[in-house]
Each structure stands twice: as C-alpha cells, then as structure tokens.
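File shown: model.cif (mmCIF, C-alpha atoms and all ligand atoms).
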```cif
data_target
#
loop_
_atom_site.label_atom_id
_atom_site.label_comp_id
_atom_site.auth_asym_id
_atom_site.auth_seq_id
_atom_site.Cartn_x
_atom_site.Cartn_y
_atom_site.Cartn_z
CA MET A 1 22.91 -35.35 19.87
CA SER A 2 25.14 -38.03 21.49
CA PHE A 3 28.67 -39.10 20.55
CA PRO A 4 30.70 -42.21 21.34
CA GLU A 5 32.52 -41.90 24.65
CA ASP A 6 35.95 -42.22 22.97
CA ARG A 7 35.38 -39.22 20.68
CA PRO A 8 37.44 -36.22 21.85
CA PRO A 9 35.29 -33.40 23.26
CA GLU A 10 36.57 -30.92 20.58
CA ALA A 11 35.23 -33.22 17.79
CA ALA A 12 31.83 -33.39 19.50
CA ASN A 13 31.81 -29.60 19.80
CA THR A 14 32.72 -29.17 16.11
CA ALA A 15 29.95 -31.57 15.02
CA GLU A 16 27.43 -29.81 17.25
CA ALA A 17 28.44 -26.41 15.82
CA ALA A 18 28.14 -27.72 12.24
CA LEU A 19 24.69 -29.10 13.02
CA GLU A 20 23.65 -25.79 14.56
CA GLU A 21 24.85 -23.95 11.43
CA LEU A 22 22.83 -26.33 9.22
CA ARG A 23 19.72 -25.72 11.34
CA ARG A 24 20.23 -21.95 11.04
CA GLN A 25 20.65 -22.13 7.25
CA ASN A 26 17.57 -24.34 6.99
CA ALA A 27 15.47 -21.83 8.98
CA GLU A 28 16.74 -19.02 6.74
CA LEU A 29 15.78 -20.96 3.60
CA ILE A 30 12.28 -21.69 4.92
CA GLU A 31 11.84 -17.98 5.66
CA ALA A 32 13.12 -17.00 2.19
CA VAL A 33 10.69 -19.39 0.45
CA ALA A 34 7.78 -18.03 2.55
CA ALA A 35 8.80 -14.44 1.68
CA ARG A 36 8.90 -15.33 -2.03
CA ASP A 37 5.44 -16.94 -1.88
CA THR A 38 4.09 -13.84 -0.14
CA PHE A 39 5.61 -11.61 -2.75
CA ILE A 40 4.01 -13.56 -5.59
CA ALA A 41 0.60 -13.26 -3.91
CA VAL A 42 1.05 -9.53 -3.31
CA ALA A 43 2.27 -8.98 -6.87
CA ALA A 44 -0.67 -10.84 -8.40
CA HIS A 45 -3.09 -8.79 -6.32
CA GLU A 46 -1.50 -5.40 -6.89
CA LEU A 47 -1.13 -5.92 -10.62
CA ARG A 48 -4.49 -7.51 -11.30
CA ASN A 49 -6.69 -4.84 -9.70
CA PRO A 50 -5.76 -1.85 -11.88
CA MET A 51 -6.09 -3.98 -15.04
CA THR A 52 -9.85 -4.41 -14.74
CA PRO A 53 -10.77 -0.75 -15.40
CA ILE A 54 -8.15 -0.54 -18.18
CA VAL A 55 -9.64 -3.53 -20.01
CA GLY A 56 -13.13 -2.04 -19.46
CA GLN A 57 -12.12 1.26 -21.01
CA ILE A 58 -10.52 -0.44 -24.04
CA ASP A 59 -13.67 -2.54 -24.58
CA LEU A 60 -15.79 0.62 -24.42
CA LEU A 61 -13.57 2.37 -26.91
CA LEU A 62 -13.63 -0.62 -29.30
CA ALA A 63 -17.42 -0.87 -29.15
CA ALA A 64 -17.82 2.87 -29.80
CA LEU A 65 -15.33 2.77 -32.71
CA GLN A 66 -17.06 -0.23 -34.28
CA ALA A 67 -20.40 1.55 -34.04
CA GLY A 68 -18.82 4.71 -35.50
CA ARG A 69 -20.07 6.68 -32.51
CA TYR A 70 -16.93 8.59 -31.55
CA SER A 71 -15.48 11.78 -33.00
CA SER A 72 -11.69 11.95 -33.13
CA GLY A 73 -11.83 14.26 -30.06
CA GLN A 74 -13.76 11.65 -28.09
CA VAL A 75 -11.32 8.92 -29.15
CA GLU A 76 -8.42 11.07 -28.00
CA HIS A 77 -10.13 11.72 -24.65
CA ARG A 78 -10.63 7.96 -24.10
CA VAL A 79 -7.09 7.08 -25.14
CA ARG A 80 -5.71 9.70 -22.78
CA ARG A 81 -7.69 8.17 -19.91
CA ILE A 82 -6.33 4.72 -20.75
CA ARG A 83 -2.84 6.24 -20.88
CA ARG A 84 -3.30 7.73 -17.38
CA ALA A 85 -4.52 4.41 -16.03
CA MET A 86 -1.48 2.67 -17.59
CA ASP A 87 0.85 5.20 -15.94
CA HIS A 88 -0.80 4.46 -12.62
CA PHE A 89 -0.35 0.73 -13.24
CA ILE A 90 3.36 1.13 -14.00
CA LYS A 91 3.79 3.14 -10.79
CA ARG A 92 2.12 0.44 -8.74
CA ALA A 93 4.35 -2.20 -10.26
CA GLY A 94 7.37 -0.06 -9.35
CA THR A 95 6.29 0.31 -5.75
CA LEU A 96 5.67 -3.40 -5.58
CA LEU A 97 9.26 -4.01 -6.54
CA ASP A 98 10.23 -1.66 -3.72
CA VAL A 99 8.19 -3.76 -1.31
CA SER A 100 10.04 -6.84 -2.50
CA ARG A 101 13.27 -4.98 -1.81
CA ILE A 102 12.06 -4.09 1.71
CA THR A 103 11.35 -7.77 2.39
CA SER A 104 14.80 -8.76 1.23
CA GLY A 105 16.48 -5.82 3.00
CA ARG A 106 17.46 -4.11 -0.27
CA PHE A 107 14.98 -1.24 -0.20
CA GLN A 108 16.23 2.28 -0.88
CA LEU A 109 13.90 5.25 -0.57
CA ALA A 110 14.09 7.72 -3.43
CA LEU A 111 13.72 10.99 -1.53
CA ALA A 112 12.94 14.04 -3.59
CA PRO A 113 11.38 17.45 -2.93
CA CYS A 114 7.63 17.06 -2.97
CA ASP A 115 4.54 18.99 -1.84
CA LEU A 116 2.33 16.84 0.36
CA SER A 117 -0.72 19.07 -0.11
CA ASP A 118 -0.44 18.77 -3.90
CA LEU A 119 0.07 15.04 -3.61
CA VAL A 120 -3.08 14.63 -1.49
CA ARG A 121 -5.12 16.71 -3.94
CA GLU A 122 -3.78 14.78 -6.96
CA THR A 123 -4.25 11.34 -5.38
CA VAL A 124 -7.82 12.11 -4.28
CA GLU A 125 -8.52 13.34 -7.82
CA THR A 126 -7.63 9.89 -9.20
CA PHE A 127 -10.45 8.42 -7.07
CA THR A 128 -13.16 10.73 -8.39
CA GLU A 129 -14.87 8.10 -10.52
CA THR A 130 -14.55 5.20 -8.06
CA ALA A 131 -15.90 7.41 -5.28
CA ARG A 132 -18.85 8.55 -7.40
CA TYR A 133 -19.65 4.91 -8.15
CA SER A 134 -19.61 4.07 -4.39
CA GLY A 135 -21.56 7.19 -3.41
CA CYS A 136 -18.62 8.61 -1.42
CA SER A 137 -17.68 12.27 -1.34
CA PHE A 138 -14.27 13.68 -0.41
CA ARG A 139 -13.31 16.41 1.98
CA ILE A 140 -9.70 17.54 1.64
CA GLU A 141 -8.15 19.39 4.58
CA VAL A 142 -4.60 20.41 3.69
CA PRO A 143 -2.58 23.60 4.00
CA GLU A 144 -2.07 25.54 0.78
CA SER A 145 1.42 24.04 0.55
CA LEU A 146 3.31 21.44 2.62
CA PRO A 147 6.77 21.01 1.15
CA GLY A 148 9.21 18.32 2.26
CA ALA A 149 11.31 15.46 0.94
CA TRP A 150 9.72 12.06 0.67
CA ASP A 151 9.55 9.05 -1.59
CA ARG A 152 6.66 10.20 -3.75
CA LEU A 153 5.64 6.79 -5.06
CA ALA A 154 5.61 5.32 -1.55
CA LEU A 155 3.41 8.20 -0.34
CA GLU A 156 1.04 7.66 -3.27
CA GLN A 157 0.87 3.96 -2.50
CA ILE A 158 0.08 4.66 1.18
CA LEU A 159 -2.69 7.13 0.35
CA ASP A 160 -3.98 4.90 -2.42
CA ASN A 161 -4.48 1.93 -0.09
CA LEU A 162 -6.03 3.96 2.76
CA ILE A 163 -8.43 5.82 0.47
CA SER A 164 -9.47 2.70 -1.44
CA ASN A 165 -10.17 0.96 1.89
CA ALA A 166 -12.31 3.91 3.05
CA ILE A 167 -14.33 3.77 -0.18
CA LYS A 168 -14.62 -0.02 -0.03
CA TYR A 169 -15.56 -0.41 3.66
CA ALA A 170 -17.47 2.85 4.18
CA PRO A 171 -19.47 3.35 0.96
CA SER A 172 -22.08 6.09 0.48
CA ARG A 173 -20.43 8.29 3.11
CA PRO A 174 -17.91 11.13 3.16
CA VAL A 175 -14.17 10.46 3.39
CA THR A 176 -11.83 13.11 4.82
CA VAL A 177 -8.19 13.18 3.76
CA SER A 178 -6.03 15.61 5.69
CA ALA A 179 -2.40 16.62 6.05
CA GLU A 180 -0.95 18.68 8.89
CA ASP A 181 2.35 20.41 9.46
CA PHE A 182 4.11 19.67 12.76
CA GLY A 183 7.47 21.18 11.90
CA SER A 184 9.90 18.28 11.60
CA LEU A 185 6.94 15.88 11.29
CA VAL A 186 3.86 15.72 9.10
CA ARG A 187 0.61 13.92 9.78
CA LEU A 188 -1.57 12.33 7.13
CA ARG A 189 -5.08 11.19 8.02
CA VAL A 190 -7.78 9.25 6.23
CA ARG A 191 -11.07 9.28 8.09
CA ASP A 192 -14.26 7.48 7.13
CA TYR A 193 -17.76 7.11 8.58
CA GLY A 194 -17.98 3.35 8.12
CA PRO A 195 -18.46 0.50 10.61
CA GLY A 196 -15.09 1.10 12.34
CA ILE A 197 -12.63 -1.65 13.32
CA SER A 198 -12.82 -3.48 16.65
CA ALA A 199 -9.93 -3.14 19.11
CA GLY A 200 -9.05 -6.84 18.62
CA ASP A 201 -8.91 -6.53 14.83
CA ARG A 202 -6.86 -3.33 14.88
CA ALA A 203 -3.79 -5.20 16.05
CA ARG A 204 -3.84 -7.78 13.26
CA ILE A 205 -5.02 -5.94 10.13
CA PHE A 206 -1.48 -4.72 9.42
CA GLU A 207 -0.27 -8.32 9.17
CA ARG A 208 0.01 -10.10 5.83
CA PHE A 209 -3.23 -11.70 4.55
CA GLU A 210 -5.27 -10.53 7.57
CA ARG A 211 -8.82 -9.34 6.94
CA ALA A 212 -11.39 -8.31 9.54
CA VAL A 213 -14.55 -9.16 7.60
CA GLY A 214 -17.46 -11.49 8.27
CA ALA A 215 -17.84 -14.95 6.71
CA ASN A 216 -20.37 -13.61 4.18
CA GLU A 217 -18.17 -10.74 3.06
CA ARG A 218 -18.60 -10.06 -0.67
CA ARG A 219 -16.07 -7.24 -1.02
CA SER A 220 -12.92 -8.75 -2.46
CA GLY A 221 -9.48 -8.27 -0.96
CA PHE A 222 -6.36 -10.24 -0.18
CA GLY A 223 -5.63 -8.54 3.11
CA VAL A 224 -2.27 -7.19 1.97
CA GLY A 225 -3.00 -3.49 1.39
CA LEU A 226 -2.35 -2.40 4.99
CA TRP A 227 0.68 -4.67 5.20
CA VAL A 228 2.17 -2.85 2.20
CA VAL A 229 1.29 0.49 3.86
CA GLY A 230 2.92 -0.58 7.14
CA GLN A 231 6.12 -1.65 5.37
CA LEU A 232 6.40 1.64 3.48
CA VAL A 233 5.66 3.76 6.57
CA ALA A 234 8.31 1.86 8.55
CA ALA A 235 10.82 2.30 5.71
CA MET A 236 10.20 6.05 5.95
CA GLU A 237 10.81 5.91 9.72
CA GLY A 238 7.18 6.81 10.39
CA THR A 239 4.29 5.32 12.34
CA ILE A 240 0.72 4.35 11.52
CA VAL A 241 -2.19 3.85 13.91
CA VAL A 242 -5.88 3.26 13.47
CA ASN A 243 -8.48 4.54 15.93
CA ASP A 244 -12.22 4.91 16.26
CA ALA A 245 -13.18 8.27 14.88
CA GLN A 246 -15.38 10.57 16.96
CA GLY A 247 -18.91 10.21 15.67
CA GLY A 248 -18.24 6.74 14.17
CA GLY A 249 -15.94 5.23 11.57
CA SER A 250 -12.18 4.74 11.47
CA VAL A 251 -9.30 7.14 11.27
CA PHE A 252 -5.89 6.01 10.01
CA THR A 253 -3.10 8.36 11.11
CA VAL A 254 0.33 8.25 9.47
CA THR A 255 3.10 10.34 11.05
CA LEU A 256 6.25 10.84 8.99
CA PRO A 257 9.49 12.74 9.35
CA ARG A 258 9.38 15.74 7.06
CA TYR A 259 12.99 15.42 6.05
CA SER A 260 14.54 12.04 6.52
CA GLU A 261 17.96 11.65 8.20
CA THR A 262 19.47 10.72 4.87
CA ASN A 263 18.26 13.98 3.38
CA ARG A 264 19.62 16.33 6.04
CA SER A 265 22.89 17.99 5.19
N1 LIG B 301 -11.55 1.85 6.53
C1 LIG B 301 -11.83 0.64 6.99
N2 LIG B 301 -13.01 0.38 7.66
C2 LIG B 301 -13.29 -0.85 8.13
N3 LIG B 301 -12.45 -1.92 8.00
C3 LIG B 301 -11.30 -1.72 7.37
C4 LIG B 301 -10.91 -0.44 6.83
N4 LIG B 301 -9.68 -0.57 6.26
C5 LIG B 301 -9.32 -1.85 6.44
N5 LIG B 301 -10.29 -2.55 7.10
C6 LIG B 301 -10.21 -3.96 7.50
O1 LIG B 301 -8.84 -4.33 7.51
C7 LIG B 301 -8.64 -5.46 6.68
C8 LIG B 301 -7.24 -5.37 6.07
O2 LIG B 301 -7.19 -4.30 5.11
P1 LIG B 301 -6.26 -4.45 3.85
O3 LIG B 301 -6.32 -3.20 3.07
O4 LIG B 301 -4.92 -4.93 4.32
O5 LIG B 301 -6.87 -5.67 3.05
P2 LIG B 301 -8.16 -5.74 2.10
O6 LIG B 301 -8.76 -4.40 1.89
O7 LIG B 301 -9.03 -6.81 2.66
O8 LIG B 301 -7.53 -6.30 0.77
P3 LIG B 301 -6.52 -5.57 -0.21
O9 LIG B 301 -5.27 -6.35 -0.06
O10 LIG B 301 -7.18 -5.67 -1.52
O11 LIG B 301 -6.35 -4.14 0.21
C9 LIG B 301 -9.77 -5.42 5.68
O12 LIG B 301 -10.04 -6.71 5.16
C10 LIG B 301 -10.92 -4.88 6.52
O13 LIG B 301 -11.49 -5.94 7.27
MG MG B 302 -7.38 -2.82 1.22
#
```
Using structure tokens, write down the structure from this file.
Amino acid sequence: MSFPEDRPPEAANTAEAALEELRRQNAELIEAVAARDTFIAVAAHELRNPMTPIVGQIDLLLAALQAGRYSSGQVEHRVRRIRRAMDHFIKRAGTLLDVSRITSGRFQLALAPCDLSDLVRETVETFTETARYSGCSFRIEVPESLPGAWDRLALEQILDNLISNAIKYAPSRPVTVSAEDFGSLVRLRVRDYGPGISAGDRARIFERFERAVGANERRSGFGVGLWVVGQLVAAMEGTIVVNDAQGGGSVFTVTLPRYSETNRS
C-alpha cells in the first residue's frame, strides 16, 4: 500500500498495521465459516446413519402388530432393541458435539475409570447383526481386564468407526479387534483381510472428506469417519497409524496413554 509523501511515517505505519489486523480477522472468519460448514456435513452424516436401522425396526414392529403376529414378549424384545439403538444414537450425537468442541478449541475429555477389554467386547457385540449381514466374523484378542482412565464415549466412537470401516471395506472376511497392555500405554488394533490401502492413500484418508475408493464405488460414505477418529485420538494425546497387515488387509493401530496427564495425581 502507498501513502502520500507528506504523510508522517507513523501514520503510514498505523494504517498498515490496521490493514494487517483486518486481513488477519478476515482469514479467521473464512476459517470459522469453513469449520461450521464441515461440522454441518459431519453432523448430518453421523446422525443420519444410525436412524436407518431404527426406522426399519419400527416399521417391522408396526407391520407385525397390525398383523397381530407378536406376543407381548416379542413386542417387548423389539422395543428394547429400538431403545438400545436410540441410546447408541444419543451417544453418537454427544460425541459429535465433542468433535465440534475440538474444532473450536473447547473440547474437554471426560476421563473416568473404564475397562478397555470390556469396552472392546461390548462394542464388538453391537456389530453382531451388521457383521452377520456382511458375512464378517470377529476375533477378539484382549486381556481378561485392562483398566485405565479414558473418555469412554470417545473410545467407543473410535472403535465404532474402525470396525464399521473393516466390515464395509473387507466384507465376508474375519475382523480382529485387539487391545494390549504396555504399562503406561495401551494399544488398540483393528485388523481386516480386505484390499488394503495404498501408501499414497494412507496419508490422506485421515483428512476431512477424503475417500480412497474407485469411481464406481457403491459403498456410501462421506469420508469423515477417520477424520473424527484422528481428532479424538489427538485429543487423548495418542497416535493412530494404518499399515498393510501381514497376509493382506489393513491394520489400524491406536496407541493411547493409559492415564492421561490430567488424571495423574
Ligand atoms: N479398512 C479399510 N480398508 C480399506 N479402505 C479403507 C478402510 N478404512 C478406510 N478405508 C478408506 O479410507 C477412506 C476414508 O475412511 P472414512 O471412514 O474416513 O470414510 P468413509 O468410510 O468413506 O465414510 P464415513 O464418513 O461414512 O466413515 C474410505 O473411503 C476408504 O477408501
Ligand atoms: Mg468410514
């Protein structure tokens, strides 16, 4: 920017500084709008997916009730399943809000005593039906007990995304979910026997909206699942890597502190 020759140098400096400040604020606003747009896309995706099976189960229940086919025990069983699915949905919505807080720098982990082995077993259990439908079987390799302090919902969200990817991209094959104790660290692994991920794609799949699928890909996805996982792992001061698994397929390895700094007394 140029100024008339007779303007004192301090005035020119002040104007330049004000302009610089405006540019900085403008860049911040552009970033904030982009973050909001991303959040809306992530929210729509994360909230829409679990709704489909819930609506399906309600339709099934309605049809059976109209046809007078269900005993009160069967109705109760169905309603309980819908209730479980709703609980899962509410959890996902909660974690999504946490992700929004991460993006805006307001995220707080809710650390609480938790057993990682139990959590792996329980999360895998929630995939029983989806896995059966895709022809996948699970192998769980966890110690009897692996106690620590973590944000339980964040851990569930991480496992949820990695397991659903394994089922989606490596159907009709086994999926191994493991947890290992390394003292002050724990390691979570999800291993599949699918097509694997090329070295070039591995770097970008943790970015927002990045997918590594062919042009004719029919499996739906917004390319945000691994971004969510990466954000949560980073918030827990952990790391995540993906590698080729021996014998084919991919292995996602998450390493986390067992007790976070904030939890140590
Ligand atoms: N286990 C896997 N095997 C092969 N490719 C995978 C695997 N997991 C992820 N990918 C690749 O990484 C990409 C990004 O995964 P991500 O979970 O972020 O998105 P998505 O599965 O496409 O959509 P969504 O947001 O619904 O999870 C996928 O589109 C897929 O190409
Ligand atoms: Mg995914």
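Atom CA of Ile54 of chain A to atom CA of Ile90 of chain A spans 12.4 Å [interatomic distance, one decimal].
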For this session: Work out how far apart atom CA of Phe252 of chain A and atom CA of Arg48 of chain A are and give it in Å to one decimal.
Result: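 These two atoms are separated by 25.3 Å.
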For this session: List all protein, DNA and RNA residues that have an atom no more than 10 Å from any atom of ligand LIG 301 (chain B), counting all atoms listed in the file, and report them as a ChimeraX atom specification.
Result: /A:41-42,45-46,49,160-171,175,190-198,201-214,217,219-230,242,244,249-252
Problem set entry | Selection near segment 135-137 of chain A, 6 Å with only C-alpha atoms, sequence-local residues under 2 positions removed, as a list of chain:residue names |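 Listed by chain and then number, they are A:Ala131, A:Arg132, A:Tyr133, A:Pro171, A:Ser172, A:Arg173, A:Pro174.
All residues that come within 10 Å of the coordinates (-16.5, 11.2, -31.7), counting all atoms listed in the file, are given as A:Ala64, A:Leu65, A:Gly68, A:Arg69, A:Tyr70, A:Ser71, A:Ser72, A:Gly73, A:Gln74, A:Val75, A:Glu76, A:His77.
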Problem set entry | Separation of atom CA of Glu16 of chain A from atom CA of Leu29 of chain A, in Å and rounded to one decimal |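 These atoms are spaced 20.0 Å apart.
You can rank A:Arg83, A:Arg78, A:Arg23, A:Arg189 by their closest distance to Ile240 of chain A using all atoms listed in the file, and at the top of that list sits A:Arg189.
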For this session: Go through A:Ala43, A:Phe182, A:Arg258, A:Arg101 one by one, measure the shortest atom-to-atom distance of each to Asp115 of chain A using all atoms listed in the file, and give the residue with the smallest value.
Result: A:Arg258
Exercise. Given the choices A:Ala85, A:Leu60, A:Ile40, A:Leu153, which gets closest to Ala112 of chain A if the distance is worked out from all atoms listed in the file?
Worked result: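 When distances to Ala112 of chain A are compared using all atoms listed in the file, the smallest one comes from A:Leu153.
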Return the padded bounding box of segment 159-165 of chain A as JSON: axis-aligned, built from all atoms listed in the file, 3 Å added on each side, with centre and edge lengths in Å to one decimal.
```
{"center_x": -6.4, "center_y": 4.0, "center_z": 0.2, "size_x": 13.5, "size_y": 12.2, "size_z": 11.2}
```
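Between ligand MG 302 (chain B) and the residues A:Ala93, A:Ala35, A:Val254, A:Leu159, the shortest atom-to-atom distance, using only C-alpha atoms and all ligand atoms, involves A:Leu159.
The residue that comes closest to ligand MG 302 (chain B), out of A:Gln157, A:Asn216, A:Thr239, A:Gln57 and on the basis of all atoms listed in the file, is A:Gln157.
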For this session: Find the residue from A:Glu129, A:Ile158, A:Ala110, A:Gly148 that sits nearest to ligand MG 302 (chain B); use only C-alpha atoms and all ligand atoms when measuring.
Result: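 Nearest candidate to ligand MG 302 (chain B) out of A:Glu129, A:Ile158, A:Ala110, A:Gly148: A:Ile158.
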